[in-house]
Each structure stands twice: as C-alpha cells, then as structure tokens.
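Data block for protein_15.pdb (PDB, C-alpha atoms):
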ATOM      1  CA  MET L   1     -64.616 -54.610 -22.167
ATOM      2  CA  PRO L   2     -66.649 -51.418 -21.798
ATOM      3  CA  GLN L   3     -67.873 -50.338 -25.215
ATOM      4  CA  GLY L   4     -70.270 -47.518 -24.351
ATOM      5  CA  GLN L   5     -73.717 -46.920 -25.725
ATOM      6  CA  PRO L   6     -74.356 -44.647 -28.709
ATOM      7  CA  SER L   7     -76.796 -41.812 -28.105
ATOM      8  CA  VAL L   8     -78.353 -42.357 -31.552
ATOM      9  CA  VAL L   9     -78.655 -45.491 -33.667
ATOM     10  CA  PRO L  10     -79.037 -44.442 -37.324
ATOM     11  CA  ASP L  11     -81.432 -46.262 -39.617
ATOM     12  CA  ASP L  12     -78.704 -47.101 -42.138
ATOM     13  CA  GLY L  13     -79.239 -50.845 -42.493
ATOM     14  CA  LEU L  14     -75.877 -51.681 -40.885
ATOM     15  CA  SER L  15     -75.542 -54.294 -38.175
ATOM     16  CA  THR L  16     -74.138 -53.238 -34.811
ATOM     17  CA  ARG L  17     -70.865 -55.010 -35.629
ATOM     18  CA  ALA L  18     -70.585 -53.436 -39.106
ATOM     19  CA  ARG L  19     -71.218 -49.986 -37.679
ATOM     20  CA  ARG L  20     -68.725 -50.527 -34.851
ATOM     21  CA  ASP L  21     -66.004 -51.710 -37.237
ATOM     22  CA  ARG L  22     -66.180 -48.722 -39.598
ATOM     23  CA  ALA L  23     -62.849 -47.055 -40.275
ATOM     24  CA  LEU L  24     -62.636 -43.659 -38.559
ATOM     25  CA  LEU L  25     -61.244 -40.287 -39.565
ATOM     26  CA  ILE L  26     -60.107 -38.630 -36.333
ATOM     27  CA  VAL L  27     -58.953 -35.025 -35.908
ATOM     28  CA  HIS L  28     -57.072 -33.649 -32.894
ATOM     29  CA  THR L  29     -56.955 -29.867 -33.113
ATOM     30  CA  GLY L  30     -57.049 -26.755 -30.927
ATOM     31  CA  GLU L  31     -54.592 -24.472 -29.170
ATOM     32  CA  GLY L  32     -53.911 -26.780 -26.227
ATOM     33  CA  LYS L  33     -51.124 -29.295 -25.676
ATOM     34  CA  GLY L  34     -51.666 -32.994 -26.293
ATOM     35  CA  LYS L  35     -52.805 -33.386 -29.910
ATOM     36  CA  SER L  36     -49.849 -35.462 -31.091
ATOM     37  CA  THR L  37     -49.516 -37.134 -27.698
ATOM     38  CA  ALA L  38     -53.094 -38.429 -27.958
ATOM     39  CA  ALA L  39     -52.498 -39.642 -31.522
ATOM     40  CA  PHE L  40     -49.393 -41.545 -30.439
ATOM     41  CA  GLY L  41     -51.462 -43.079 -27.636
ATOM     42  CA  LEU L  42     -53.799 -44.423 -30.331
ATOM     43  CA  ALA L  43     -50.759 -45.729 -32.204
ATOM     44  CA  LEU L  44     -49.768 -47.609 -29.052
ATOM     45  CA  ARG L  45     -53.238 -49.132 -28.811
ATOM     46  CA  GLY L  46     -53.173 -50.077 -32.490
ATOM     47  CA  TRP L  47     -49.735 -51.673 -32.113
ATOM     48  CA  ALA L  48     -51.061 -53.759 -29.206
ATOM     49  CA  GLN L  49     -53.911 -54.972 -31.461
ATOM     50  CA  GLY L  50     -51.374 -56.137 -34.033
ATOM     51  CA  TRP L  51     -52.088 -53.286 -36.456
ATOM     52  CA  ASP L  52     -49.435 -51.933 -38.774
ATOM     53  CA  VAL L  53     -49.055 -48.202 -38.065
ATOM     54  CA  GLY L  54     -47.678 -45.484 -40.339
ATOM     55  CA  VAL L  55     -46.577 -42.204 -38.742
ATOM     56  CA  PHE L  56     -46.024 -39.214 -41.038
ATOM     57  CA  GLN L  57     -44.690 -36.057 -39.361
ATOM     58  CA  PHE L  58     -45.147 -32.964 -41.502
ATOM     59  CA  VAL L  59     -43.540 -30.190 -39.460
ATOM     60  CA  LYS L  60     -41.279 -31.417 -36.650
ATOM     61  CA  SER L  61     -37.579 -31.159 -37.388
ATOM     62  CA  ALA L  62     -35.748 -34.365 -38.222
ATOM     63  CA  LYS L  63     -33.253 -33.376 -35.521
ATOM     64  CA  TRP L  64     -35.882 -33.736 -32.797
ATOM     65  CA  ARG L  65     -35.816 -37.124 -31.138
ATOM     66  CA  ILE L  66     -39.216 -37.329 -29.521
ATOM     67  CA  GLY L  67     -39.888 -39.932 -26.859
ATOM     68  CA  GLU L  68     -42.882 -41.481 -28.633
ATOM     69  CA  GLU L  69     -40.785 -42.237 -31.705
ATOM     70  CA  ARG L  70     -38.139 -44.051 -29.668
ATOM     71  CA  ALA L  71     -40.731 -45.965 -27.641
ATOM     72  CA  LEU L  72     -42.822 -47.054 -30.636
ATOM     73  CA  ARG L  73     -39.772 -48.037 -32.702
ATOM     74  CA  THR L  74     -38.507 -50.119 -29.779
ATOM     75  CA  LEU L  75     -41.872 -51.845 -29.403
ATOM     76  CA  ALA L  76     -42.099 -52.569 -33.120
ATOM     77  CA  ALA L  77     -38.593 -54.060 -33.111
ATOM     78  CA  GLY L  78     -39.561 -56.428 -30.312
ATOM     79  CA  GLY L  79     -41.544 -58.727 -32.593
ATOM     80  CA  GLU L  80     -44.849 -58.391 -30.766
ATOM     81  CA  GLY L  81     -47.783 -56.309 -31.917
ATOM     82  CA  GLY L  82     -47.881 -54.639 -35.309
ATOM     83  CA  ASP L  83     -45.182 -52.987 -37.363
ATOM     84  CA  ILE L  84     -44.574 -49.243 -36.981
ATOM     85  CA  THR L  85     -43.096 -47.144 -39.785
ATOM     86  CA  TRP L  86     -42.008 -43.574 -38.993
ATOM     87  CA  HIS L  87     -41.488 -40.844 -41.590
ATOM     88  CA  LYS L  88     -40.371 -37.228 -41.016
ATOM     89  CA  MET L  89     -40.608 -34.498 -43.613
ATOM     90  CA  GLY L  90     -37.472 -32.880 -42.200
ATOM     91  CA  GLU L  91     -35.499 -35.978 -43.214
ATOM     92  CA  GLY L  92     -36.648 -35.534 -46.805
ATOM     93  CA  TRP L  93     -39.014 -38.518 -46.389
ATOM     94  CA  SER L  94     -37.203 -41.857 -46.538
ATOM     95  CA  TRP L  95     -38.611 -42.871 -49.945
ATOM     96  CA  VAL L  96     -37.359 -39.700 -51.705
ATOM     97  CA  GLN L  97     -34.276 -38.902 -49.645
ATOM     98  CA  ALA L  98     -31.976 -39.473 -52.598
ATOM     99  CA  ARG L  99     -34.019 -37.120 -54.793
ATOM    100  CA  ILE L 100     -34.762 -34.237 -52.441
ATOM    101  CA  ASP L 101     -32.090 -31.795 -51.421
ATOM    102  CA  PRO L 102     -32.207 -30.979 -47.668
ATOM    103  CA  ALA L 103     -32.594 -27.316 -48.645
ATOM    104  CA  ALA L 104     -35.503 -28.091 -50.968
ATOM    105  CA  ASP L 105     -38.816 -26.290 -50.881
ATOM    106  CA  PRO L 106     -40.768 -27.501 -47.818
ATOM    107  CA  ALA L 107     -44.039 -27.191 -49.738
ATOM    108  CA  GLU L 108     -42.750 -29.660 -52.326
ATOM    109  CA  ALA L 109     -41.586 -31.985 -49.551
ATOM    110  CA  ALA L 110     -45.061 -31.831 -47.976
ATOM    111  CA  ARG L 111     -46.646 -32.708 -51.319
ATOM    112  CA  GLU L 112     -44.247 -35.667 -51.641
ATOM    113  CA  GLY L 113     -45.356 -36.851 -48.208
ATOM    114  CA  TRP L 114     -49.015 -36.565 -49.121
ATOM    115  CA  ALA L 115     -48.378 -38.430 -52.401
ATOM    116  CA  GLN L 116     -46.885 -41.334 -50.426
ATOM    117  CA  ILE L 117     -49.838 -41.366 -48.043
ATOM    118  CA  ARG L 118     -52.181 -41.573 -51.042
ATOM    119  CA  ARG L 119     -50.191 -44.552 -52.361
ATOM    120  CA  ASP L 120     -50.243 -46.260 -48.962
ATOM    121  CA  LEU L 121     -53.985 -45.706 -48.552
ATOM    122  CA  ALA L 122     -54.643 -47.168 -52.009
ATOM    123  CA  ALA L 123     -52.469 -50.194 -51.156
ATOM    124  CA  GLN L 124     -53.963 -50.466 -47.631
ATOM    125  CA  THR L 125     -50.416 -50.513 -46.238
ATOM    126  CA  TYR L 126     -51.385 -49.615 -42.662
ATOM    127  CA  ARG L 127     -54.358 -50.140 -40.410
ATOM    128  CA  LEU L 128     -53.692 -46.825 -38.619
ATOM    129  CA  TYR L 129     -52.181 -43.635 -40.043
ATOM    130  CA  VAL L 130     -50.968 -40.806 -37.811
ATOM    131  CA  LEU L 131     -50.734 -37.676 -39.991
ATOM    132  CA  ASP L 132     -48.989 -35.508 -37.441
ATOM    133  CA  GLU L 133     -49.361 -31.748 -37.981
ATOM    134  CA  LEU L 134     -50.935 -32.195 -41.413
ATOM    135  CA  THR L 135     -53.194 -29.220 -40.657
ATOM    136  CA  TYR L 136     -50.286 -26.807 -41.188
ATOM    137  CA  PRO L 137     -49.543 -27.716 -44.850
ATOM    138  CA  LEU L 138     -53.302 -27.532 -45.431
ATOM    139  CA  LYS L 139     -53.506 -24.085 -43.827
ATOM    140  CA  TRP L 140     -50.482 -22.826 -45.786
ATOM    141  CA  GLY L 141     -51.931 -24.092 -49.068
ATOM    142  CA  TRP L 142     -49.118 -26.578 -49.695
ATOM    143  CA  ILE L 143     -51.609 -29.454 -49.995
ATOM    144  CA  ASP L 144     -55.166 -29.112 -51.308
ATOM    145  CA  THR L 145     -57.700 -29.607 -48.508
ATOM    146  CA  ASP L 146     -60.497 -30.767 -50.814
ATOM    147  CA  GLU L 147     -58.234 -33.427 -52.303
ATOM    148  CA  VAL L 148     -57.201 -34.657 -48.858
ATOM    149  CA  ILE L 149     -60.818 -34.925 -47.741
ATOM    150  CA  GLU L 150     -61.859 -36.786 -50.890
ATOM    151  CA  VAL L 151     -58.964 -39.252 -50.629
ATOM    152  CA  LEU L 152     -59.669 -39.889 -46.952
ATOM    153  CA  ARG L 153     -63.425 -40.161 -47.531
ATOM    154  CA  THR L 154     -63.011 -42.781 -50.271
ATOM    155  CA  ARG L 155     -60.104 -44.766 -48.781
ATOM    156  CA  PRO L 156     -60.621 -48.516 -49.079
ATOM    157  CA  GLY L 157     -60.828 -51.120 -46.346
ATOM    158  CA  ARG L 158     -60.662 -50.505 -42.610
ATOM    159  CA  GLN L 159     -57.916 -47.904 -42.390
ATOM    160  CA  HIS L 160     -58.138 -45.486 -39.469
ATOM    161  CA  VAL L 161     -56.599 -42.027 -39.947
ATOM    162  CA  VAL L 162     -55.671 -39.515 -37.232
ATOM    163  CA  VAL L 163     -54.851 -35.942 -38.271
ATOM    164  CA  THR L 164     -53.279 -33.572 -35.740
ATOM    165  CA  GLY L 165     -52.490 -29.876 -35.625
ATOM    166  CA  ARG L 166     -53.909 -26.475 -34.810
ATOM    167  CA  ALA L 167     -56.492 -24.701 -36.952
ATOM    168  CA  ALA L 168     -57.919 -27.764 -38.677
ATOM    169  CA  PRO L 169     -59.886 -26.608 -41.734
ATOM    170  CA  PRO L 170     -63.649 -26.546 -41.128
ATOM    171  CA  ALA L 171     -64.206 -28.900 -44.075
ATOM    172  CA  LEU L 172     -61.875 -31.470 -42.495
ATOM    173  CA  ILE L 173     -63.715 -31.172 -39.193
ATOM    174  CA  ASP L 174     -67.024 -31.688 -40.998
ATOM    175  CA  ALA L 175     -65.687 -34.788 -42.770
ATOM    176  CA  ALA L 176     -64.260 -36.362 -39.593
ATOM    177  CA  ASP L 177     -66.002 -38.993 -37.493
ATOM    178  CA  LEU L 178     -64.324 -37.947 -34.253
ATOM    179  CA  VAL L 179     -62.984 -34.481 -33.470
ATOM    180  CA  THR L 180     -61.285 -33.439 -30.250
ATOM    181  CA  GLU L 181     -60.319 -29.832 -29.608
ATOM    182  CA  MET L 182     -57.544 -29.385 -27.069
ATOM    183  CA  THR L 183     -58.277 -26.204 -25.130
ATOM    184  CA  LYS L 184     -55.478 -24.570 -23.174
ATOM    185  CA  VAL L 185     -56.431 -23.533 -19.652
ATOM    186  CA  LYS L 186     -52.887 -23.044 -18.309
ATOM    187  CA  HIS L 187     -49.433 -23.834 -19.641
ATOM    188  CA  PRO L 188     -45.975 -23.451 -18.021
ATOM    189  CA  MET L 189     -44.824 -21.441 -21.044
ATOM    190  CA  ASP L 190     -47.283 -18.723 -19.979
ATOM    191  CA  ALA L 191     -45.045 -18.249 -16.949
ATOM    192  CA  GLY L 192     -41.834 -18.211 -19.006
ATOM    193  CA  GLN L 193     -40.906 -21.875 -18.593
ATOM    194  CA  LYS L 194     -39.507 -23.595 -21.664
ATOM    195  CA  GLY L 195     -40.450 -27.088 -22.783
ATOM    196  CA  GLN L 196     -38.803 -29.902 -20.899
ATOM    197  CA  ARG L 197     -37.616 -33.438 -21.494
ATOM    198  CA  GLY L 198     -40.260 -36.067 -20.787
ATOM    199  CA  ILE L 199     -43.100 -33.546 -21.050
ATOM    200  CA  GLU L 200     -42.745 -31.962 -24.492
ATOM    201  CA  TRP L 201     -40.512 -34.623 -26.094
TER
END
Can you dump the structure from the file as structure tokens?
Amino acid sequence: MPQGQPSVVPDDGLSTRARRDRALLIVHTGEGKGKSTAAFGLALRGWAQGWDVGVFQFVKSAKWRIGEERALRTLAAGGEGGDITWHKMGEGWSWVQARIDPAADPAEAAREGWAQIRRDLAAQTYRLYVLDELTYPLKWGWIDTDEVIEVLRTRPGRQHVVVTGRAAPPALIDAADLVTEMTKVKHPMDAGQKGQRGIEW
C-alpha cells in the first residue's frame, strides 16, 4: 500500500508506527462543494476497516434523505465492516427526541448534540466521528469554539474526528492536523441550475 513520505520527521521521540497511528483532527472547509462528501468518503473507508463511525449532522434538515446516509446505513446493516450510527439535529437528536420539542430552539439542540459528542468521545464510542457542518453552530456562537477545541485536543484513545462546514474558525484550523479548503472554480448554480439528485444528495 502506498503510504507516502513525510516532508519533515519531527524529533519527538515517537516511533514511525506511533506517529503514523496518531488520531487525527481533520477539517474540511471553504466555499466549494465537496466538504461533507469527502467526510462521508472517509466514513466509507473507516467502515471498511471495521471502525465504528458516528455521524452527527448539525444543520441539514431531517427531511432530507441524502444518498450517503442511505448507502452507509445499508452497508452497516449488512454485517460486514464497522457499525455506523447517524444522528440529525433536525430530528431532535435520537437520544433526546422525547425531551425536545420539534419547534425548540436550534441553538439548544446544537448544544445537546455537542454534549452527546463529548460523552461519546469520553467513552471512546466511535473510531471515526463525522461532525457535519459543525462550523455553523461555532460561527453563530451556539457552541463555544474554545471548549470544542479543548475537548477534541484532549480526547482519549485513537479517535479520528472530521469537522465540515464553511468558515471554520481560525483556532480550529490551527488545532487541526489536516485541513482541506474546498475552493469553488465553477458551479452549475452560478448558471441558475438547481441542485440535482445524485449530485447534491
């Protein structure tokens, strides 16, 4: 398997294997399309490695039935690979659905979602977390950015975390191990074309 060669090898006392196996904080940000799509691609890879994957969607409506959700749920149900758990804020989060009114404050719902992620990180529930569109609650001040960074920085074990969304806070970018900025060059919407099945969902 191609593994690439690092451009710099730090003098940190770690073996090559220990350095390679470090848990990563990954951020997909920028104005271009593909941030969530790339994160779900990582979820697919993790599933194939037998990892348990937790997906937490912070903004997308619960009414949207995106293709990645259907595909990953189907794979997880097949008994091969890891388990995949999918949570949407718009559904009131499954663990608080009985307590949260559908018309409840979205900021409070976002905080509930983050509280569950904190619990799952502490319990090492998943090997890979996809925190889809978490940058928006951070930008809107619904969730404290400094707290998120500290929790992610000190998470135990080998838990990888992928955060997606536009306008990632600079402090989150600084804390991340891998940052990709999706830059739009052209998009069909620029020419008046709406999103379409199989491309946007």
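Between CA of Val162 (chain L) and CA of His28 (chain L) the interatomic distance comes to 7.4 Å.
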message: Under the PyMOL selection byres ((chain L and resi 161) around 8), which residues of this model are included? Write them out as a ChimeraX atom specification.
response: /L:24-26,128-131,152,159-160,162-163
- request: For the structure shown, which residues end up in the PyMOL selection byres ((chain L and resi 54) around 8)? Put them as a list of chain:residue names, please?
  value: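 Taken over the shown coordinates, the PyMOL selection byres ((chain L and resi 54) around 8) returns L:Asp52, L:Val53, L:Val55, L:Phe56, L:Ile84, L:Thr85, L:Trp86, L:His87, L:Tyr126, L:Leu128, L:Tyr129, L:Val130.
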field: Answer key for the PyMOL selection byres ((chain L and resi 172) around 12), residues as a PyMOL selection string
entry: chain L and resi 25-29+134-135+138-139+144-153+162-165+167-171+173-179
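Distances to Pro188 (chain L) were evaluated for L:Trp51, L:Phe40, L:Leu14, L:Glu200 using only C-alpha atoms, and the minimum falls at L:Glu200.
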Quick one: axis-aligned box around all listed atoms of region 80-86 of chain L, 4 Å on every side, centre and edge lengths in Å to one decimal, written as lines of an AutoDock Vina configuration file.
center_x = -44.9
center_y = -51.0
center_z = -35.3
size_x = 13.9
size_y = 22.8
size_z = 17.0
- request: Could you tell me which of L:Arg45, L:Arg17, L:Lys88, L:Lys194 comes closest to Glu69 (chain L) if we count only C-alpha atoms?
  value: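 With only C-alpha atoms as the atom set, the closest residue is L:Lys88.
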- request: Figure out the distance between CA of Arg127 (chain L) and CA of Pro6 (chain L), please, to one decimal in Å.
  value: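 For CA of Pro6 (chain L) relative to CA of Arg127 (chain L), the distance reads 23.8 Å.
Taking CA of Trp47 (chain L) and CA of Arg73 (chain L) as endpoints, the distance between them is 10.6 Å.
Closest approach to Ile143 (chain L) among L:Asp120, L:Glu31, L:Glu108, L:Asp11 is made by L:Glu108 (distances from all atoms listed in the file).
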Subset file as a PDB file, in the first residue's frame: region 116-151 of chain L, N, CA, C and O atoms:
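Everything below was put into result_32.pdb:
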ATOM      1  N   GLN L 116     -23.648  15.256  23.573  1.00  0.00           N
ATOM      2  CA  GLN L 116     -23.571  13.820  23.294  1.00  0.00           C
ATOM      3  C   GLN L 116     -22.224  13.450  22.690  1.00  0.00           C
ATOM      4  O   GLN L 116     -21.657  12.405  23.020  1.00  0.00           O
ATOM      5  N   ILE L 117     -21.706  14.292  21.816  1.00  0.00           N
ATOM      6  CA  ILE L 117     -20.389  14.024  21.237  1.00  0.00           C
ATOM      7  C   ILE L 117     -19.332  13.976  22.334  1.00  0.00           C
ATOM      8  O   ILE L 117     -18.459  13.096  22.336  1.00  0.00           O
ATOM      9  N   ARG L 118     -19.408  14.901  23.282  1.00  0.00           N
ATOM     10  CA  ARG L 118     -18.463  14.891  24.408  1.00  0.00           C
ATOM     11  C   ARG L 118     -18.555  13.569  25.163  1.00  0.00           C
ATOM     12  O   ARG L 118     -17.530  12.973  25.521  1.00  0.00           O
ATOM     13  N   ARG L 119     -19.783  13.098  25.414  1.00  0.00           N
ATOM     14  CA  ARG L 119     -19.960  11.829  26.127  1.00  0.00           C
ATOM     15  C   ARG L 119     -19.379  10.670  25.320  1.00  0.00           C
ATOM     16  O   ARG L 119     -18.723   9.781  25.869  1.00  0.00           O
ATOM     17  N   ASP L 120     -19.629  10.683  24.015  1.00  0.00           N
ATOM     18  CA  ASP L 120     -19.122   9.593  23.166  1.00  0.00           C
ATOM     19  C   ASP L 120     -17.596   9.613  23.080  1.00  0.00           C
ATOM     20  O   ASP L 120     -16.958   8.561  23.098  1.00  0.00           O
ATOM     21  N   LEU L 121     -17.013  10.800  22.999  1.00  0.00           N
ATOM     22  CA  LEU L 121     -15.549  10.889  22.981  1.00  0.00           C
ATOM     23  C   LEU L 121     -14.966  10.358  24.288  1.00  0.00           C
ATOM     24  O   LEU L 121     -13.980   9.611  24.284  1.00  0.00           O
ATOM     25  N   ALA L 122     -15.556  10.728  25.411  1.00  0.00           N
ATOM     26  CA  ALA L 122     -15.063  10.259  26.707  1.00  0.00           C
ATOM     27  C   ALA L 122     -15.159   8.741  26.823  1.00  0.00           C
ATOM     28  O   ALA L 122     -14.286   8.089  27.396  1.00  0.00           O
ATOM     29  N   ALA L 123     -16.233   8.172  26.249  1.00  0.00           N
ATOM     30  CA  ALA L 123     -16.447   6.720  26.302  1.00  0.00           C
ATOM     31  C   ALA L 123     -15.744   5.985  25.165  1.00  0.00           C
ATOM     32  O   ALA L 123     -15.777   4.752  25.131  1.00  0.00           O
ATOM     33  N   GLN L 124     -15.137   6.740  24.242  1.00  0.00           N
ATOM     34  CA  GLN L 124     -14.484   6.160  23.051  1.00  0.00           C
ATOM     35  C   GLN L 124     -15.464   5.265  22.284  1.00  0.00           C
ATOM     36  O   GLN L 124     -15.157   4.134  21.923  1.00  0.00           O
ATOM     37  N   THR L 125     -16.656   5.814  22.046  1.00  0.00           N
ATOM     38  CA  THR L 125     -17.737   5.069  21.391  1.00  0.00           C
ATOM     39  C   THR L 125     -17.407   4.737  19.947  1.00  0.00           C
ATOM     40  O   THR L 125     -17.736   3.646  19.465  1.00  0.00           O
ATOM     41  N   TYR L 126     -16.795   5.672  19.234  1.00  0.00           N
ATOM     42  CA  TYR L 126     -16.514   5.503  17.806  1.00  0.00           C
ATOM     43  C   TYR L 126     -15.024   5.644  17.529  1.00  0.00           C
ATOM     44  O   TYR L 126     -14.301   6.298  18.275  1.00  0.00           O
ATOM     45  N   ARG L 127     -14.614   5.063  16.441  1.00  0.00           N
ATOM     46  CA  ARG L 127     -13.230   5.262  15.977  1.00  0.00           C
ATOM     47  C   ARG L 127     -13.147   6.483  15.065  1.00  0.00           C
ATOM     48  O   ARG L 127     -12.117   7.129  14.973  1.00  0.00           O
ATOM     49  N   LEU L 128     -14.275   6.801  14.390  1.00  0.00           N
ATOM     50  CA  LEU L 128     -14.318   7.965  13.498  1.00  0.00           C
ATOM     51  C   LEU L 128     -15.613   8.733  13.749  1.00  0.00           C
ATOM     52  O   LEU L 128     -16.692   8.145  13.779  1.00  0.00           O
ATOM     53  N   TYR L 129     -15.481  10.040  13.922  1.00  0.00           N
ATOM     54  CA  TYR L 129     -16.617  10.938  14.104  1.00  0.00           C
ATOM     55  C   TYR L 129     -16.684  11.871  12.911  1.00  0.00           C
ATOM     56  O   TYR L 129     -15.687  12.514  12.571  1.00  0.00           O
ATOM     57  N   VAL L 130     -17.847  11.978  12.281  1.00  0.00           N
ATOM     58  CA  VAL L 130     -18.078  12.973  11.244  1.00  0.00           C
ATOM     59  C   VAL L 130     -18.996  14.026  11.860  1.00  0.00           C
ATOM     60  O   VAL L 130     -20.174  13.757  12.119  1.00  0.00           O
ATOM     61  N   LEU L 131     -18.457  15.208  12.115  1.00  0.00           N
ATOM     62  CA  LEU L 131     -19.224  16.310  12.711  1.00  0.00           C
ATOM     63  C   LEU L 131     -19.584  17.250  11.572  1.00  0.00           C
ATOM     64  O   LEU L 131     -18.907  18.248  11.308  1.00  0.00           O
ATOM     65  N   ASP L 132     -20.657  16.880  10.881  1.00  0.00           N
ATOM     66  CA  ASP L 132     -21.027  17.536   9.630  1.00  0.00           C
ATOM     67  C   ASP L 132     -21.645  18.907   9.895  1.00  0.00           C
ATOM     68  O   ASP L 132     -22.640  19.010  10.610  1.00  0.00           O
ATOM     69  N   GLU L 133     -21.039  19.932   9.327  1.00  0.00           N
ATOM     70  CA  GLU L 133     -21.500  21.317   9.423  1.00  0.00           C
ATOM     71  C   GLU L 133     -21.456  21.856  10.856  1.00  0.00           C
ATOM     72  O   GLU L 133     -22.214  22.753  11.223  1.00  0.00           O
ATOM     73  N   LEU L 134     -20.530  21.337  11.652  1.00  0.00           N
ATOM     74  CA  LEU L 134     -20.326  21.861  12.999  1.00  0.00           C
ATOM     75  C   LEU L 134     -19.827  23.300  12.976  1.00  0.00           C
ATOM     76  O   LEU L 134     -20.034  24.047  13.938  1.00  0.00           O
ATOM     77  N   THR L 135     -19.185  23.713  11.881  1.00  0.00           N
ATOM     78  CA  THR L 135     -18.640  25.081  11.854  1.00  0.00           C
ATOM     79  C   THR L 135     -19.732  26.136  11.991  1.00  0.00           C
ATOM     80  O   THR L 135     -19.466  27.232  12.491  1.00  0.00           O
ATOM     81  N   TYR L 136     -20.955  25.830  11.560  1.00  0.00           N
ATOM     82  CA  TYR L 136     -22.021  26.834  11.625  1.00  0.00           C
ATOM     83  C   TYR L 136     -22.441  27.139  13.063  1.00  0.00           C
ATOM     84  O   TYR L 136     -22.499  28.314  13.450  1.00  0.00           O
ATOM     85  N   PRO L 137     -22.747  26.142  13.916  1.00  0.00           N
ATOM     86  CA  PRO L 137     -23.033  26.456  15.315  1.00  0.00           C
ATOM     87  C   PRO L 137     -21.869  27.159  16.024  1.00  0.00           C
ATOM     88  O   PRO L 137     -22.093  27.945  16.939  1.00  0.00           O
ATOM     89  N   LEU L 138     -20.644  26.866  15.601  1.00  0.00           N
ATOM     90  CA  LEU L 138     -19.498  27.581  16.175  1.00  0.00           C
ATOM     91  C   LEU L 138     -19.530  29.046  15.749  1.00  0.00           C
ATOM     92  O   LEU L 138     -19.385  29.952  16.580  1.00  0.00           O
ATOM     93  N   LYS L 139     -19.756  29.271  14.456  1.00  0.00           N
ATOM     94  CA  LYS L 139     -19.791  30.639  13.926  1.00  0.00           C
ATOM     95  C   LYS L 139     -20.927  31.451  14.554  1.00  0.00           C
ATOM     96  O   LYS L 139     -20.772  32.644  14.840  1.00  0.00           O
ATOM     97  N   TRP L 140     -22.066  30.831  14.781  1.00  0.00           N
ATOM     98  CA  TRP L 140     -23.236  31.518  15.314  1.00  0.00           C
ATOM     99  C   TRP L 140     -23.172  31.676  16.831  1.00  0.00           C
ATOM    100  O   TRP L 140     -24.076  32.266  17.426  1.00  0.00           O
ATOM    101  N   GLY L 141     -22.146  31.103  17.456  1.00  0.00           N
ATOM    102  CA  GLY L 141     -21.999  31.222  18.899  1.00  0.00           C
ATOM    103  C   GLY L 141     -22.867  30.279  19.705  1.00  0.00           C
ATOM    104  O   GLY L 141     -22.996  30.432  20.924  1.00  0.00           O
ATOM    105  N   TRP L 142     -23.455  29.281  19.072  1.00  0.00           N
ATOM    106  CA  TRP L 142     -24.305  28.323  19.771  1.00  0.00           C
ATOM    107  C   TRP L 142     -23.468  27.378  20.637  1.00  0.00           C
ATOM    108  O   TRP L 142     -23.924  26.897  21.666  1.00  0.00           O
ATOM    109  N   ILE L 143     -22.262  27.067  20.158  1.00  0.00           N
ATOM    110  CA  ILE L 143     -21.342  26.181  20.868  1.00  0.00           C
ATOM    111  C   ILE L 143     -20.018  26.927  20.983  1.00  0.00           C
ATOM    112  O   ILE L 143     -19.581  27.580  20.033  1.00  0.00           O
ATOM    113  N   ASP L 144     -19.373  26.819  22.137  1.00  0.00           N
ATOM    114  CA  ASP L 144     -18.131  27.544  22.390  1.00  0.00           C
ATOM    115  C   ASP L 144     -16.956  26.898  21.646  1.00  0.00           C
ATOM    116  O   ASP L 144     -16.652  25.714  21.869  1.00  0.00           O
ATOM    117  N   THR L 145     -16.314  27.662  20.792  1.00  0.00           N
ATOM    118  CA  THR L 145     -15.207  27.134  19.983  1.00  0.00           C
ATOM    119  C   THR L 145     -14.047  26.668  20.846  1.00  0.00           C
ATOM    120  O   THR L 145     -13.464  25.606  20.609  1.00  0.00           O
ATOM    121  N   ASP L 146     -13.682  27.447  21.855  1.00  0.00           N
ATOM    122  CA  ASP L 146     -12.556  27.066  22.714  1.00  0.00           C
ATOM    123  C   ASP L 146     -12.823  25.744  23.416  1.00  0.00           C
ATOM    124  O   ASP L 146     -11.920  24.907  23.552  1.00  0.00           O
ATOM    125  N   GLU L 147     -14.056  25.538  23.857  1.00  0.00           N
ATOM    126  CA  GLU L 147     -14.406  24.279  24.509  1.00  0.00           C
ATOM    127  C   GLU L 147     -14.288  23.114  23.537  1.00  0.00           C
ATOM    128  O   GLU L 147     -13.738  22.061  23.876  1.00  0.00           O
ATOM    129  N   VAL L 148     -14.796  23.305  22.325  1.00  0.00           N
ATOM    130  CA  VAL L 148     -14.711  22.249  21.310  1.00  0.00           C
ATOM    131  C   VAL L 148     -13.260  21.879  21.054  1.00  0.00           C
ATOM    132  O   VAL L 148     -12.893  20.692  21.026  1.00  0.00           O
ATOM    133  N   ILE L 149     -12.413  22.875  20.881  1.00  0.00           N
ATOM    134  CA  ILE L 149     -11.002  22.603  20.593  1.00  0.00           C
ATOM    135  C   ILE L 149     -10.346  21.863  21.747  1.00  0.00           C
ATOM    136  O   ILE L 149      -9.594  20.899  21.541  1.00  0.00           O
ATOM    137  N   GLU L 150     -10.633  22.284  22.974  1.00  0.00           N
ATOM    138  CA  GLU L 150     -10.022  21.621  24.133  1.00  0.00           C
ATOM    139  C   GLU L 150     -10.492  20.174  24.244  1.00  0.00           C
ATOM    140  O   GLU L 150      -9.680  19.268  24.505  1.00  0.00           O
ATOM    141  N   VAL L 151     -11.776  19.931  24.045  1.00  0.00           N
ATOM    142  CA  VAL L 151     -12.297  18.562  24.128  1.00  0.00           C
ATOM    143  C   VAL L 151     -11.676  17.689  23.031  1.00  0.00           C
ATOM    144  O   VAL L 151     -11.271  16.549  23.282  1.00  0.00           O
TER     145      VAL L 151
END
